[in-house]
Amino acid sequence: MSTSHLTRLPPGQVLTAKFPILHYGTIPPFDPDSWTFRVFGEVEERLEFSYSEFTQLPKVEIVADVHCVTRWSRFDNRWEGVTFKELMSRIKPRAEARFVMVHADGGYAANLPLDVLLDEDVLFAYRLDGDDLRPEHGWPLRLVVPKKYFWKSVKWVRSLEFMSEDRYGFWELRGYHNDADPWQEQRYSEE
């Protein structure tokens, strides 16, 4: 492993070229005609996008590393989709909105501070490495938050709930660390 790779690999992680598939529950079906993406909670106005409307928003490509809480990392993933900042240009959060719960199919959810989501490299991806996301990787829409452990990069995203107070998501309720910083090895809340 080169020195440059060592500076990109958080402590306790092992580099892999594979892309392991881990998720809770079954892969949800996708119907582009009935799929919607909603924004609600501490916002001035609720929003809803069809899949066609969402994928017509301005898109970008980012290259970002992935760090899984199960101790694998994969470098140079090429994601395509809509940045969180682009979506925010259409959302009017109330002044008290400081957190966001990202809801997904199957009852899964992850919580993140709004300021974390506003990083330049956070996006809603529907393509990976030049191809449409595969269902097991979150098709049709996956949040990508490169600076956090990968459970915060929610698969099968369906809505954003803006909140004034933080609330634990699916894995946080089960003992995972609320902040999920791979450089601090914030894997579990008791660590």
# chains A, B, ... in the order shown; residues from 1 in each chain; ligands from 1

$ residues_around --residues "region 42-59 of chain A" --least-positions-apart "5" --cutoff "8 Å" --atoms "only C-alpha atoms" --output "PyMOL selection string"
chain A and resi 32-37+80-83+86+91-94+96-97+161-164

$ write_last_selection --atoms "C-alpha atoms" --output "PDB file, in the first residue's frame"
ATOM      1  CA  PRO A  32     -40.763   4.733 -11.239  1.00  0.00           C
ATOM      2  CA  ASP A  33     -44.411   5.713 -11.781  1.00  0.00           C
ATOM      3  CA  SER A  34     -45.331   5.693  -8.083  1.00  0.00           C
ATOM      4  CA  TRP A  35     -41.969   6.479  -6.428  1.00  0.00           C
ATOM      5  CA  THR A  36     -41.805   9.838  -4.631  1.00  0.00           C
ATOM      6  CA  PHE A  37     -39.226  11.780  -2.659  1.00  0.00           C
ATOM      7  CA  GLU A  80     -23.367  10.651  -9.894  1.00  0.00           C
ATOM      8  CA  GLY A  81     -26.460  12.399  -8.670  1.00  0.00           C
ATOM      9  CA  VAL A  82     -27.881  15.528  -7.073  1.00  0.00           C
ATOM     10  CA  THR A  83     -25.959  17.316  -4.334  1.00  0.00           C
ATOM     11  CA  GLU A  86     -28.676  21.608  -4.946  1.00  0.00           C
ATOM     12  CA  ILE A  91     -36.034  23.862   0.413  1.00  0.00           C
ATOM     13  CA  LYS A  92     -36.861  26.605   2.893  1.00  0.00           C
ATOM     14  CA  PRO A  93     -35.954  25.193   6.306  1.00  0.00           C
ATOM     15  CA  ARG A  94     -37.276  26.982   9.359  1.00  0.00           C
ATOM     16  CA  GLU A  96     -34.881  26.029  14.161  1.00  0.00           C
ATOM     17  CA  ALA A  97     -34.102  23.191  11.695  1.00  0.00           C
ATOM     18  CA  GLU A 161     -37.478  15.149   7.748  1.00  0.00           C
ATOM     19  CA  PHE A 162     -36.026  18.449   8.981  1.00  0.00           C
ATOM     20  CA  MET A 163     -35.896  18.574  12.790  1.00  0.00           C
ATOM     21  CA  SER A 164     -35.109  21.110  15.511  1.00  0.00           C
TER      22      SER A 164
END

$ residues_around --residues "Ala125 (chain A)" --least-positions-apart "3" --cutoff "8 Å" --atoms "only C-alpha atoms" --output "list in words"
Trp79, Glu80, Gly81, Val82, Leu128, Leu133, Leu141, Arg142, Leu143 and Val144 of chain A

$ closest_atom_pairs --of "region 5-43 of chain A" --to "region 145-156 of chain A" --cutoff "12 Å" --atoms "only C-alpha atoms" --output "JSON lines"
{"residue": "A:Arg8", "atom": "CA", "partner": "A:Lys147", "partner_atom": "CA", "distance": 11.3}
{"residue": "A:Leu9", "atom": "CA", "partner": "A:Lys147", "partner_atom": "CA", "distance": 11.9}
{"residue": "A:Pro10", "atom": "CA", "partner": "A:Tyr149", "partner_atom": "CA", "distance": 10.4}
{"residue": "A:Gln13", "atom": "CA", "partner": "A:Tyr149", "partner_atom": "CA", "distance": 11.0}
{"residue": "A:Phe19", "atom": "CA", "partner": "A:Phe150", "partner_atom": "CA", "distance": 11.8}
{"residue": "A:Pro20", "atom": "CA", "partner": "A:Phe150", "partner_atom": "CA", "distance": 11.4}
{"residue": "A:Ile21", "atom": "CA", "partner": "A:Lys155", "partner_atom": "CA", "distance": 11.1}
{"residue": "A:Leu22", "atom": "CA", "partner": "A:Trp151", "partner_atom": "CA", "distance": 9.3}
{"residue": "A:His23", "atom": "CA", "partner": "A:Lys155", "partner_atom": "CA", "distance": 8.4}
{"residue": "A:Tyr24", "atom": "CA", "partner": "A:Lys155", "partner_atom": "CA", "distance": 10.2}
{"residue": "A:Gly25", "atom": "CA", "partner": "A:Lys155", "partner_atom": "CA", "distance": 11.4}
{"residue": "A:Thr26", "atom": "CA", "partner": "A:Trp156", "partner_atom": "CA", "distance": 11.0}
{"residue": "A:Ile27", "atom": "CA", "partner": "A:Trp156", "partner_atom": "CA", "distance": 8.5}
{"residue": "A:Pro28", "atom": "CA", "partner": "A:Trp156", "partner_atom": "CA", "distance": 7.7}
{"residue": "A:Pro29", "atom": "CA", "partner": "A:Trp156", "partner_atom": "CA", "distance": 9.7}
{"residue": "A:Phe30", "atom": "CA", "partner": "A:Trp156", "partner_atom": "CA", "distance": 9.2}
{"residue": "A:Trp35", "atom": "CA", "partner": "A:Trp156", "partner_atom": "CA", "distance": 10.6}
{"residue": "A:Thr36", "atom": "CA", "partner": "A:Trp156", "partner_atom": "CA", "distance": 11.2}
{"residue": "A:Phe37", "atom": "CA", "partner": "A:Trp156", "partner_atom": "CA", "distance": 10.3}

$ select_by_dssp --residues "region 6-164 of chain A" --states "alpha helix (DSSP H)" --output "MDAnalysis selection string"
chainID A and resid 6:8 51:55 84:88 114:117

$ write_last_selection --atoms "C-alpha atoms" --output "PDB file, in the first residue's frame"
ATOM      1  CA  LEU A   6      -2.217   5.229   4.160  1.00  0.00           C
ATOM      2  CA  THR A   7      -3.193   8.869   4.628  1.00  0.00           C
ATOM      3  CA  ARG A   8      -6.654   8.118   3.184  1.00  0.00           C
ATOM      4  CA  TYR A  51     -38.491  10.040  -9.839  1.00  0.00           C
ATOM      5  CA  SER A  52     -38.466  11.799 -13.202  1.00  0.00           C
ATOM      6  CA  GLU A  53     -38.495  15.231 -11.525  1.00  0.00           C
ATOM      7  CA  PHE A  54     -35.723  14.261  -9.138  1.00  0.00           C
ATOM      8  CA  THR A  55     -33.417  12.868 -11.816  1.00  0.00           C
ATOM      9  CA  PHE A  84     -27.676  17.992  -1.052  1.00  0.00           C
ATOM     10  CA  LYS A  85     -26.850  21.678  -1.594  1.00  0.00           C
ATOM     11  CA  GLU A  86     -28.676  21.608  -4.946  1.00  0.00           C
ATOM     12  CA  LEU A  87     -31.733  20.168  -3.255  1.00  0.00           C
ATOM     13  CA  MET A  88     -31.421  22.738  -0.461  1.00  0.00           C
ATOM     14  CA  LEU A 114     -27.844  19.741   8.743  1.00  0.00           C
ATOM     15  CA  ASP A 115     -24.358  21.289   8.626  1.00  0.00           C
ATOM     16  CA  VAL A 116     -22.843  17.854   7.820  1.00  0.00           C
ATOM     17  CA  LEU A 117     -25.247  17.409   4.911  1.00  0.00           C
TER      18      LEU A 117
END

$ select_by_dssp --residues "region 41-157 of chain A" --states "strand (DSSP E or B)" --output "PyMOL selection string"
chain A and resi 41+43+47-50+60-67+72-83+93+99-104+109-113+123-128+131-132+142-144+157

$ write_last_selection --atoms "C-alpha atoms" --output "PDB file, in the first residue's frame"
ATOM      1  CA  GLY A  41     -40.872  18.636   9.064  1.00  0.00           C
ATOM      2  CA  VAL A  43     -39.676  23.513   6.573  1.00  0.00           C
ATOM      3  CA  LEU A  47     -41.976  19.306  -1.206  1.00  0.00           C
ATOM      4  CA  GLU A  48     -42.502  16.178  -3.254  1.00  0.00           C
ATOM      5  CA  PHE A  49     -40.639  14.986  -6.349  1.00  0.00           C
ATOM      6  CA  SER A  50     -41.441  12.154  -8.726  1.00  0.00           C
ATOM      7  CA  VAL A  60     -22.757  16.248 -10.605  1.00  0.00           C
ATOM      8  CA  GLU A  61     -20.121  13.576 -10.292  1.00  0.00           C
ATOM      9  CA  ILE A  62     -17.955  13.206  -7.204  1.00  0.00           C
ATOM     10  CA  VAL A  63     -15.183  10.767  -6.405  1.00  0.00           C
ATOM     11  CA  ALA A  64     -15.201   9.731  -2.773  1.00  0.00           C
ATOM     12  CA  ASP A  65     -13.917   6.995  -0.504  1.00  0.00           C
ATOM     13  CA  VAL A  66     -16.279   4.721   1.437  1.00  0.00           C
ATOM     14  CA  HIS A  67     -15.568   3.602   5.001  1.00  0.00           C
ATOM     15  CA  TRP A  72     -13.545  -2.154   5.143  1.00  0.00           C
ATOM     16  CA  SER A  73     -12.805   0.897   2.996  1.00  0.00           C
ATOM     17  CA  ARG A  74     -13.072   1.287  -0.756  1.00  0.00           C
ATOM     18  CA  PHE A  75     -11.320   4.169  -2.505  1.00  0.00           C
ATOM     19  CA  ASP A  76     -12.283   6.291  -5.517  1.00  0.00           C
ATOM     20  CA  ASN A  77     -15.973   5.509  -5.895  1.00  0.00           C
ATOM     21  CA  ARG A  78     -17.414   7.636  -8.699  1.00  0.00           C
ATOM     22  CA  TRP A  79     -20.920   8.719  -7.696  1.00  0.00           C
ATOM     23  CA  GLU A  80     -23.367  10.651  -9.894  1.00  0.00           C
ATOM     24  CA  GLY A  81     -26.460  12.399  -8.670  1.00  0.00           C
ATOM     25  CA  VAL A  82     -27.881  15.528  -7.073  1.00  0.00           C
ATOM     26  CA  THR A  83     -25.959  17.316  -4.334  1.00  0.00           C
ATOM     27  CA  PRO A  93     -35.954  25.193   6.306  1.00  0.00           C
ATOM     28  CA  PHE A  99     -30.955  18.126  12.022  1.00  0.00           C
ATOM     29  CA  VAL A 100     -32.306  15.873   9.296  1.00  0.00           C
ATOM     30  CA  MET A 101     -33.697  12.357   9.520  1.00  0.00           C
ATOM     31  CA  VAL A 102     -33.161  10.550   6.232  1.00  0.00           C
ATOM     32  CA  HIS A 103     -35.995   8.051   5.782  1.00  0.00           C
ATOM     33  CA  ALA A 104     -35.791   5.033   3.499  1.00  0.00           C
ATOM     34  CA  ALA A 109     -33.628   5.934   8.866  1.00  0.00           C
ATOM     35  CA  ALA A 110     -30.380   7.752   9.702  1.00  0.00           C
ATOM     36  CA  ASN A 111     -29.972  11.076  11.490  1.00  0.00           C
ATOM     37  CA  LEU A 112     -27.451  13.743  10.529  1.00  0.00           C
ATOM     38  CA  PRO A 113     -26.797  17.355  11.492  1.00  0.00           C
ATOM     39  CA  LEU A 123     -25.171  13.893  -2.702  1.00  0.00           C
ATOM     40  CA  PHE A 124     -28.135  11.720  -3.583  1.00  0.00           C
ATOM     41  CA  ALA A 125     -26.640   9.184  -5.981  1.00  0.00           C
ATOM     42  CA  TYR A 126     -28.356   7.106  -8.626  1.00  0.00           C
ATOM     43  CA  ARG A 127     -25.199   6.091 -10.500  1.00  0.00           C
ATOM     44  CA  LEU A 128     -21.946   4.488  -9.347  1.00  0.00           C
ATOM     45  CA  ASP A 131     -23.576   2.594 -14.244  1.00  0.00           C
ATOM     46  CA  ASP A 132     -26.965   2.922 -12.588  1.00  0.00           C
ATOM     47  CA  ARG A 142     -28.810   6.543  -2.139  1.00  0.00           C
ATOM     48  CA  LEU A 143     -27.512   9.295   0.074  1.00  0.00           C
ATOM     49  CA  VAL A 144     -23.697   9.499   0.050  1.00  0.00           C
ATOM     50  CA  VAL A 157     -33.960   7.069   0.281  1.00  0.00           C
TER      51      VAL A 157
END
